[in-house]
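Scroll down for the structure; my scribbles are underneath it.
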Amino acid sequence: MAQAGIASRRACEKLIEEGRVTVNGKKATLGQSADATKDRILVNGNPLTPEEKKYFILHKPRGYVTTVTEKHGMNTVMDLIKSPVRVYPVGRLDIDSEGLILLTNDGDLANKLTHPRYHAPKEYHVTLDRQLSATALDRLREGIRIEGRTVNVDIQSAHGNTILLRIHEGRKHIVKRIFLQLGYTVTRLIRTAIGPLRLGNLAKGKSRELSSKEVEELRKTGPRPPKAF
Ligand code: URA
């Protein structure tokens with residue numbers, strides 16, 4: 001019900017507890033599973049129709065926060081999305097980071113992509129405060145330990161103070177923390193890909209809906225390999 005956009009999960013539970021939901025003519029119970037495409041589900045006597053699934057990518061500019069709720073008059077990524085249904089950002093980018101954000105109302109796919117076991121690979125274009133030394137580059141190749149867990153870093157290219165890398169991580173400020181560990185400050189961070197999705201030439205501040213082929217490819221994003229990739 002929450003997925004169909006009726007109300008929050010908690011409010012939906014309340015509706016069930018109050019006996020206002022029926023499945024195939026019988027009062028629904030908490031924890032009962034039902035499928036809106038097969039079962040006849042009524043909420044307050046009205047049929048529950050599953051909300052159409054929507055998928056967008058957005059090129060987030062600097063200065064926008066990745067949250068669905070207004071934050072003290074700050075710009076949010078939701079200001080840049082025109083969707084007929086409510087969609088939610090999958091994962092986050094810092095306010096000063098730029099690049100690819102996926103937004104959807106497909107909770108199952110969002111959970112899969114952000115699950116620690118599956119974490120879709122993400123590609124970042126990183127600019128540092130100064131040129132990366134050969135020693136630092138070697139340390140990066142070996143993997144960086146952050147809060148007891150090693151982050152495997154797949155370096156795509158490195159020139160002077162810019163690096164293109166891929167990681168399977170979703171921890172907060174992870175790229176900045178990787179470089180802080182090496183004694184560098186990230187001065188610009190652009191996410192260029194999430195799994196098979198690429199930012200491409202999508203203009204800053206613009207969004208577009210994914211094609212069904214892109215959604216299919218995204219669904220196929222499998223679990224990460226056990227060690228490095
Ligand atoms: N890592 C960061 O440090 N910041 C981001 O916004 C994304 C990844």
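Ordering of the structure tokens sets the chain letters (A, B, ...), residue numbers begin anew at 1 in every chain, and ligands are numbered from 1 in the order given.
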Per-residue nearest contacts range 102-168 of chain A to range 60-79 of chain A, cut-off 12 Å, using only C-alpha atoms, as a tab-separated table:
```
residue	atom	partner	partner_atom	distance
A:Leu102	CA	A:Lys60	CA	10.1
A:Leu103	CA	A:Met78	CA	9.2
A:Thr104	CA	A:Met78	CA	11.5
```
Requested in this report: Considering only C-alpha atoms, return as a ChimeraX atom specification whatever protein or nucleic-acid residues lie within 9 Å of range 17-32 of chain A, sequence-local ones (same chain, fewer than 4 positions apart) excluded.
Outcome: /A:12-13,39-45
Residues of the last selection are to be written out with N, CA, C and O atoms, as a tab-separated table (two decimals), in the first residue's frame.
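Final output, out.tsv:
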```tsv
chain	number	residue	atom	x	y	z
A	12	CYS	N	-0.31	3.33	6.76
A	12	CYS	CA	-0.98	2.18	6.13
A	12	CYS	C	-1.27	1.11	7.19
A	12	CYS	O	-2.35	0.51	7.18
A	13	GLU	N	-0.33	0.90	8.10
A	13	GLU	CA	-0.53	-0.10	9.16
A	13	GLU	C	-1.75	0.30	10.01
A	13	GLU	O	-2.55	-0.54	10.40
A	39	ASP	N	-4.74	-9.65	-6.38
A	39	ASP	CA	-5.79	-9.62	-5.35
A	39	ASP	C	-6.61	-8.33	-5.47
A	39	ASP	O	-6.10	-7.32	-5.93
A	40	ARG	N	-7.85	-8.43	-5.02
A	40	ARG	CA	-8.68	-7.21	-5.02
A	40	ARG	C	-8.53	-6.55	-3.65
A	40	ARG	O	-9.05	-7.02	-2.64
A	41	ILE	N	-7.80	-5.45	-3.66
A	41	ILE	CA	-7.52	-4.75	-2.39
A	41	ILE	C	-8.33	-3.45	-2.38
A	41	ILE	O	-8.25	-2.65	-3.32
A	42	LEU	N	-9.10	-3.27	-1.30
A	42	LEU	CA	-9.87	-2.03	-1.17
A	42	LEU	C	-9.41	-1.27	0.07
A	42	LEU	O	-9.21	-1.87	1.13
A	43	VAL	N	-9.23	0.03	-0.09
A	43	VAL	CA	-8.87	0.88	1.05
A	43	VAL	C	-10.01	1.88	1.20
A	43	VAL	O	-10.30	2.63	0.26
A	44	ASN	N	-10.66	1.83	2.34
A	44	ASN	CA	-11.87	2.64	2.55
A	44	ASN	C	-12.87	2.41	1.42
A	44	ASN	O	-13.55	3.32	0.97
A	45	GLY	N	-12.90	1.17	0.93
A	45	GLY	CA	-13.88	0.83	-0.13
A	45	GLY	C	-13.41	1.17	-1.53
A	45	GLY	O	-14.08	0.83	-2.51
```
Report task. Measuring atom to atom with only C-alpha atoms and all ligand atoms, identify which of A:Leu80, A:Leu132, A:Ile174, A:Ile16 is nearest to ligand 1. Result ->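 Closest to ligand 1 of all the choices is A:Ile174.
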Query raised in the report: In Å, with one decimal, what is the gap from CA of Leu15 in chain A to CA of Gln3 in chain A?
Result: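 Going from CA of Leu15 in chain A over to CA of Gln3 in chain A covers 14.6 Å.
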Query - Cut-off 6 Å, only C-alpha atoms and all ligand atoms, neighbours of ligand 1 as number ranges by chain - result: A: 93-94, 97, 173-176
Query raised in the report: Which residues, written as a count of residues only, have at least one atom at most 12 Å from Ala2 in chain A, with only C-alpha atoms counted and residues fewer than 2 positions away on the same chain left out?
Result: 23
Between range 56-149 of chain A and range 192-216 of chain A, at 8 Å or less, what are the per-residue closest atom pairs and their distances in Å? Count only C-alpha atoms, order by chain and rising residue number, and return it as a Markdown table.
```
| residue | atom | partner | partner_atom | distance |
| --- | --- | --- | --- | --- |
| A:Phe56 | CA | A:Glu209 | CA | 4.3 |
| A:Ile57 | CA | A:Ser207 | CA | 5.5 |
| A:Leu58 | CA | A:Ser207 | CA | 4.1 |
| A:His59 | CA | A:Lys204 | CA | 5.0 |
| A:Lys60 | CA | A:Gly205 | CA | 5.6 |
| A:Pro61 | CA | A:Gly205 | CA | 5.7 |
| A:Leu80 | CA | A:Gly205 | CA | 6.4 |
| A:Ile81 | CA | A:Ser207 | CA | 6.6 |
| A:Gly99 | CA | A:Thr192 | CA | 6.0 |
| A:Leu100 | CA | A:Leu199 | CA | 5.6 |
| A:Ala120 | CA | A:Gly195 | CA | 5.2 |
| A:Pro121 | CA | A:Gly195 | CA | 5.1 |
| A:Lys122 | CA | A:Ile194 | CA | 4.5 |
| A:Glu123 | CA | A:Ala193 | CA | 4.9 |
| A:Tyr124 | CA | A:Thr192 | CA | 5.6 |
| A:His125 | CA | A:Thr192 | CA | 6.7 |
```
Query raised in the report: If you measure from CA of Gly183 in chain A to CA of Asp154 in chain A, what distance in Å do you get, rounded to one decimal?
Result: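 Computed distance, CA of Gly183 in chain A to CA of Asp154 in chain A, equals 19.1 Å.
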Report task. Using DSSP on the backbone coordinates, identify all residues within range 9-209 of chain A classified as strand (DSSP E or B); present the result as an MDAnalysis selection string. Result -> chainID A and resid 21:23 26:27 41:43 46:47 55:60 65 76 88:90 98:104 122:128 144:146 149:151 154:159 162:167 186:194 197:198 207:209
Prev. selection, C-alpha atoms, output as a PDB file, in the first residue's frame:
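Printed below is selection01.pdb as written:
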```
ATOM      1  CA  VAL A  21      -8.529  -2.433   4.253  1.00  0.00           C
ATOM      2  CA  THR A  22      -9.943  -5.592   2.667  1.00  0.00           C
ATOM      3  CA  VAL A  23      -8.251  -8.243   0.530  1.00  0.00           C
ATOM      4  CA  LYS A  26     -11.929 -10.103   3.869  1.00  0.00           C
ATOM      5  CA  LYS A  27     -10.499  -7.689   6.408  1.00  0.00           C
ATOM      6  CA  ILE A  41      -7.525  -4.754  -2.394  1.00  0.00           C
ATOM      7  CA  LEU A  42      -9.872  -2.031  -1.171  1.00  0.00           C
ATOM      8  CA  VAL A  43      -8.869   0.879   1.046  1.00  0.00           C
ATOM      9  CA  ASN A  46     -11.744   2.189  -2.989  1.00  0.00           C
ATOM     10  CA  PRO A  47      -9.686  -0.158  -5.177  1.00  0.00           C
ATOM     11  CA  TYR A  55      12.702   6.240 -13.123  1.00  0.00           C
ATOM     12  CA  PHE A  56      14.664   9.438 -13.693  1.00  0.00           C
ATOM     13  CA  ILE A  57      18.279  10.437 -13.750  1.00  0.00           C
ATOM     14  CA  LEU A  58      19.287  13.932 -12.768  1.00  0.00           C
ATOM     15  CA  HIS A  59      22.489  15.892 -13.222  1.00  0.00           C
ATOM     16  CA  LYS A  60      22.736  17.452  -9.775  1.00  0.00           C
ATOM     17  CA  VAL A  65      20.732  18.855  -1.123  1.00  0.00           C
ATOM     18  CA  THR A  76      16.741  20.305  -3.008  1.00  0.00           C
ATOM     19  CA  TYR A  88      12.778   9.460  -4.207  1.00  0.00           C
ATOM     20  CA  PRO A  89      16.521   9.785  -4.634  1.00  0.00           C
ATOM     21  CA  VAL A  90      18.415   6.488  -4.460  1.00  0.00           C
ATOM     22  CA  GLU A  98      27.660  17.070  -8.637  1.00  0.00           C
ATOM     23  CA  GLY A  99      26.521  14.502 -11.118  1.00  0.00           C
ATOM     24  CA  LEU A 100      24.304  11.489 -11.475  1.00  0.00           C
ATOM     25  CA  ILE A 101      21.387  10.859  -9.159  1.00  0.00           C
ATOM     26  CA  LEU A 102      18.766   8.206  -9.752  1.00  0.00           C
ATOM     27  CA  LEU A 103      15.222   8.926  -8.549  1.00  0.00           C
ATOM     28  CA  THR A 104      12.405   6.407  -8.540  1.00  0.00           C
ATOM     29  CA  LYS A 122      29.626   4.065  -8.795  1.00  0.00           C
ATOM     30  CA  GLU A 123      32.076   6.060 -10.846  1.00  0.00           C
ATOM     31  CA  TYR A 124      33.412   9.411  -9.654  1.00  0.00           C
ATOM     32  CA  HIS A 125      35.505  12.061 -11.318  1.00  0.00           C
ATOM     33  CA  VAL A 126      37.597  13.516  -8.509  1.00  0.00           C
ATOM     34  CA  THR A 127      39.629  16.727  -8.452  1.00  0.00           C
ATOM     35  CA  LEU A 128      42.132  17.125  -5.607  1.00  0.00           C
ATOM     36  CA  ILE A 144      41.815   2.162   1.762  1.00  0.00           C
ATOM     37  CA  ARG A 145      40.669   1.113   5.204  1.00  0.00           C
ATOM     38  CA  ILE A 146      37.873   3.257   6.580  1.00  0.00           C
ATOM     39  CA  ARG A 149      36.390  -1.845   6.370  1.00  0.00           C
ATOM     40  CA  THR A 150      38.542  -1.791   3.254  1.00  0.00           C
ATOM     41  CA  VAL A 151      37.245   0.151   0.283  1.00  0.00           C
ATOM     42  CA  ASP A 154      39.188   0.648  -9.152  1.00  0.00           C
ATOM     43  CA  ILE A 155      41.228   3.436 -10.754  1.00  0.00           C
ATOM     44  CA  GLN A 156      40.069   4.122 -14.301  1.00  0.00           C
ATOM     45  CA  SER A 157      42.548   6.928 -14.954  1.00  0.00           C
ATOM     46  CA  ALA A 158      44.727   9.404 -13.056  1.00  0.00           C
ATOM     47  CA  HIS A 159      46.267  12.581 -14.435  1.00  0.00           C
ATOM     48  CA  THR A 162      42.273  14.405 -11.310  1.00  0.00           C
ATOM     49  CA  ILE A 163      41.263  10.759 -10.897  1.00  0.00           C
ATOM     50  CA  LEU A 164      38.437   8.730 -12.355  1.00  0.00           C
ATOM     51  CA  LEU A 165      37.579   5.859 -10.033  1.00  0.00           C
ATOM     52  CA  ARG A 166      34.950   3.242  -9.304  1.00  0.00           C
ATOM     53  CA  ILE A 167      33.839   1.976  -5.916  1.00  0.00           C
ATOM     54  CA  VAL A 186      38.647  16.780  -2.713  1.00  0.00           C
ATOM     55  CA  THR A 187      37.893  20.124  -4.343  1.00  0.00           C
ATOM     56  CA  ARG A 188      35.395  18.853  -6.913  1.00  0.00           C
ATOM     57  CA  LEU A 189      33.423  15.622  -7.069  1.00  0.00           C
ATOM     58  CA  ILE A 190      31.261  14.508  -9.964  1.00  0.00           C
ATOM     59  CA  ARG A 191      29.453  11.163 -10.052  1.00  0.00           C
ATOM     60  CA  THR A 192      29.589  10.019 -13.661  1.00  0.00           C
ATOM     61  CA  ALA A 193      27.965   6.573 -13.466  1.00  0.00           C
ATOM     62  CA  ILE A 194      25.846   4.278 -11.302  1.00  0.00           C
ATOM     63  CA  LEU A 197      23.752   4.293 -16.061  1.00  0.00           C
ATOM     64  CA  ARG A 198      25.984   7.083 -17.319  1.00  0.00           C
ATOM     65  CA  SER A 207      16.729  15.283 -15.735  1.00  0.00           C
ATOM     66  CA  ARG A 208      15.374  12.647 -18.065  1.00  0.00           C
ATOM     67  CA  GLU A 209      13.276   9.530 -17.758  1.00  0.00           C
TER      68      GLU A 209
END
```
**Report entry** Counting only C-alpha atoms, the residue of A:Met1, A:Glu52, A:Arg171, A:Arg92 that sits nearest Ala110 in chain A
**Finding:**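 Selected residue with least distance to Ala110 in chain A: A:Arg92.
Note that CA of Glu147 in chain A and CA of Thr135 in chain A are 21.7 Å apart.
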**Report entry** Proximity to His115 in chain A - best of A:His168, A:Lys82, A:Ile178, A:Gly143, only C-alpha atoms
**Finding:**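 That would be A:His168, the residue with the smallest distance to His115 in chain A.
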Report task. Would you please extract all helix (DSSP H, G or I) residues from range 6-222 of chain A, as assigned by DSSP on the backbone, and give them as an NGL selection string? Result -> :A and (9-17 or 77-80 or 107-114 or 134-142 or 174-181 or 212-219)
Selection export as a compact mmCIF listing (two decimals), in the first residue's frame, atoms kept: N, CA and C atoms:
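Written file, selection.txt:
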```
# COMPACT_ATOMS: atom_id res chain seq x y z
N ARG A 9 4.23 4.02 5.42
CA ARG A 9 4.10 2.65 5.90
C ARG A 9 3.31 2.59 7.22
N ARG A 10 3.67 3.51 8.12
CA ARG A 10 3.02 3.54 9.44
C ARG A 10 1.52 3.86 9.31
N ALA A 11 1.21 4.85 8.46
CA ALA A 11 -0.20 5.23 8.28
C ALA A 11 -0.99 4.09 7.65
N CYS A 12 -0.31 3.33 6.76
CA CYS A 12 -0.98 2.18 6.13
C CYS A 12 -1.27 1.11 7.19
N GLU A 13 -0.33 0.90 8.10
CA GLU A 13 -0.53 -0.10 9.16
C GLU A 13 -1.75 0.30 10.01
N LYS A 14 -1.86 1.60 10.23
CA LYS A 14 -2.98 2.09 11.05
C LYS A 14 -4.30 1.80 10.32
N LEU A 15 -4.32 2.05 9.01
CA LEU A 15 -5.53 1.79 8.22
C LEU A 15 -5.93 0.32 8.33
N ILE A 16 -4.91 -0.57 8.30
CA ILE A 16 -5.19 -2.01 8.40
C ILE A 16 -5.74 -2.33 9.79
N GLU A 17 -5.07 -1.78 10.82
CA GLU A 17 -5.51 -2.04 12.20
C GLU A 17 -6.94 -1.56 12.42
N VAL A 77 17.13 18.49 -4.57
CA VAL A 77 17.08 17.85 -5.90
C VAL A 77 15.65 17.71 -6.39
N MET A 78 14.69 17.70 -5.45
CA MET A 78 13.28 17.55 -5.84
C MET A 78 12.80 18.76 -6.65
N ASP A 79 13.47 19.92 -6.44
CA ASP A 79 13.09 21.13 -7.20
C ASP A 79 13.38 20.95 -8.69
N LEU A 80 14.25 20.00 -9.02
CA LEU A 80 14.71 19.86 -10.40
C LEU A 80 14.00 18.74 -11.16
N GLY A 107 10.61 0.99 -4.95
CA GLY A 107 11.30 0.72 -3.69
C GLY A 107 12.16 -0.53 -3.74
N ASP A 108 11.68 -1.56 -4.46
CA ASP A 108 12.44 -2.82 -4.53
C ASP A 108 13.78 -2.60 -5.21
N LEU A 109 13.74 -1.88 -6.34
CA LEU A 109 14.99 -1.64 -7.07
C LEU A 109 15.92 -0.74 -6.25
N ALA A 110 15.34 0.29 -5.63
CA ALA A 110 16.15 1.21 -4.81
C ALA A 110 16.85 0.43 -3.69
N ASN A 111 16.11 -0.46 -3.03
CA ASN A 111 16.71 -1.26 -1.94
C ASN A 111 17.82 -2.14 -2.47
N LYS A 112 17.59 -2.73 -3.62
CA LYS A 112 18.59 -3.63 -4.19
C LYS A 112 19.87 -2.84 -4.49
N LEU A 113 19.70 -1.69 -5.11
CA LEU A 113 20.89 -0.92 -5.53
C LEU A 113 21.69 -0.39 -4.35
N THR A 114 21.02 -0.18 -3.22
CA THR A 114 21.75 0.39 -2.08
C THR A 114 22.07 -0.66 -1.01
N ALA A 134 52.84 9.27 -6.57
CA ALA A 134 52.88 7.86 -6.97
C ALA A 134 52.62 6.96 -5.77
N THR A 135 53.13 7.37 -4.60
CA THR A 135 52.92 6.58 -3.38
C THR A 135 51.43 6.54 -3.03
N ALA A 136 50.80 7.70 -3.10
CA ALA A 136 49.37 7.76 -2.77
C ALA A 136 48.56 6.91 -3.75
N LEU A 137 48.97 6.95 -5.02
CA LEU A 137 48.27 6.17 -6.05
C LEU A 137 48.40 4.67 -5.74
N ASP A 138 49.59 4.27 -5.28
CA ASP A 138 49.80 2.86 -4.91
C ASP A 138 48.92 2.48 -3.73
N ARG A 139 48.86 3.36 -2.75
CA ARG A 139 48.02 3.07 -1.56
C ARG A 139 46.55 2.93 -1.97
N LEU A 140 46.16 3.79 -2.91
CA LEU A 140 44.78 3.77 -3.41
C LEU A 140 44.49 2.42 -4.09
N ARG A 141 45.46 1.95 -4.86
CA ARG A 141 45.30 0.67 -5.58
C ARG A 141 45.16 -0.50 -4.60
N GLU A 142 45.84 -0.37 -3.45
CA GLU A 142 45.80 -1.46 -2.45
C GLU A 142 44.47 -1.50 -1.71
N ILE A 174 32.21 9.08 1.40
CA ILE A 174 33.23 8.04 1.27
C ILE A 174 34.42 8.48 0.41
N VAL A 175 34.15 9.16 -0.71
CA VAL A 175 35.27 9.54 -1.59
C VAL A 175 36.15 10.57 -0.88
N LYS A 176 35.51 11.55 -0.24
CA LYS A 176 36.28 12.57 0.48
C LYS A 176 37.11 11.94 1.59
N ARG A 177 36.52 10.93 2.25
CA ARG A 177 37.24 10.28 3.36
C ARG A 177 38.41 9.45 2.85
N ILE A 178 38.23 8.83 1.69
CA ILE A 178 39.33 8.05 1.10
C ILE A 178 40.55 8.97 0.89
N PHE A 179 40.29 10.14 0.32
CA PHE A 179 41.42 11.03 0.01
C PHE A 179 41.96 11.75 1.24
N LEU A 180 41.07 12.01 2.20
CA LEU A 180 41.55 12.61 3.46
C LEU A 180 42.55 11.66 4.12
N GLN A 181 42.24 10.36 4.04
CA GLN A 181 43.12 9.34 4.61
C GLN A 181 44.51 9.42 3.99
N SER A 212 12.98 1.88 -21.04
CA SER A 212 12.72 0.58 -20.41
C SER A 212 13.95 -0.31 -20.50
N LYS A 213 14.76 -0.11 -21.56
CA LYS A 213 16.00 -0.91 -21.70
C LYS A 213 16.97 -0.56 -20.56
N GLU A 214 17.07 0.73 -20.26
CA GLU A 214 17.97 1.15 -19.17
C GLU A 214 17.51 0.58 -17.83
N VAL A 215 16.17 0.57 -17.63
CA VAL A 215 15.64 0.04 -16.37
C VAL A 215 15.95 -1.45 -16.27
N GLU A 216 15.79 -2.16 -17.38
CA GLU A 216 16.11 -3.59 -17.42
C GLU A 216 17.57 -3.83 -17.03
N GLU A 217 18.46 -3.03 -17.64
CA GLU A 217 19.90 -3.18 -17.36
C GLU A 217 20.20 -2.93 -15.89
N LEU A 218 19.51 -1.93 -15.35
CA LEU A 218 19.71 -1.57 -13.95
C LEU A 218 19.27 -2.73 -13.04
N ARG A 219 18.15 -3.34 -13.39
CA ARG A 219 17.67 -4.50 -12.62
C ARG A 219 18.67 -5.64 -12.63
```
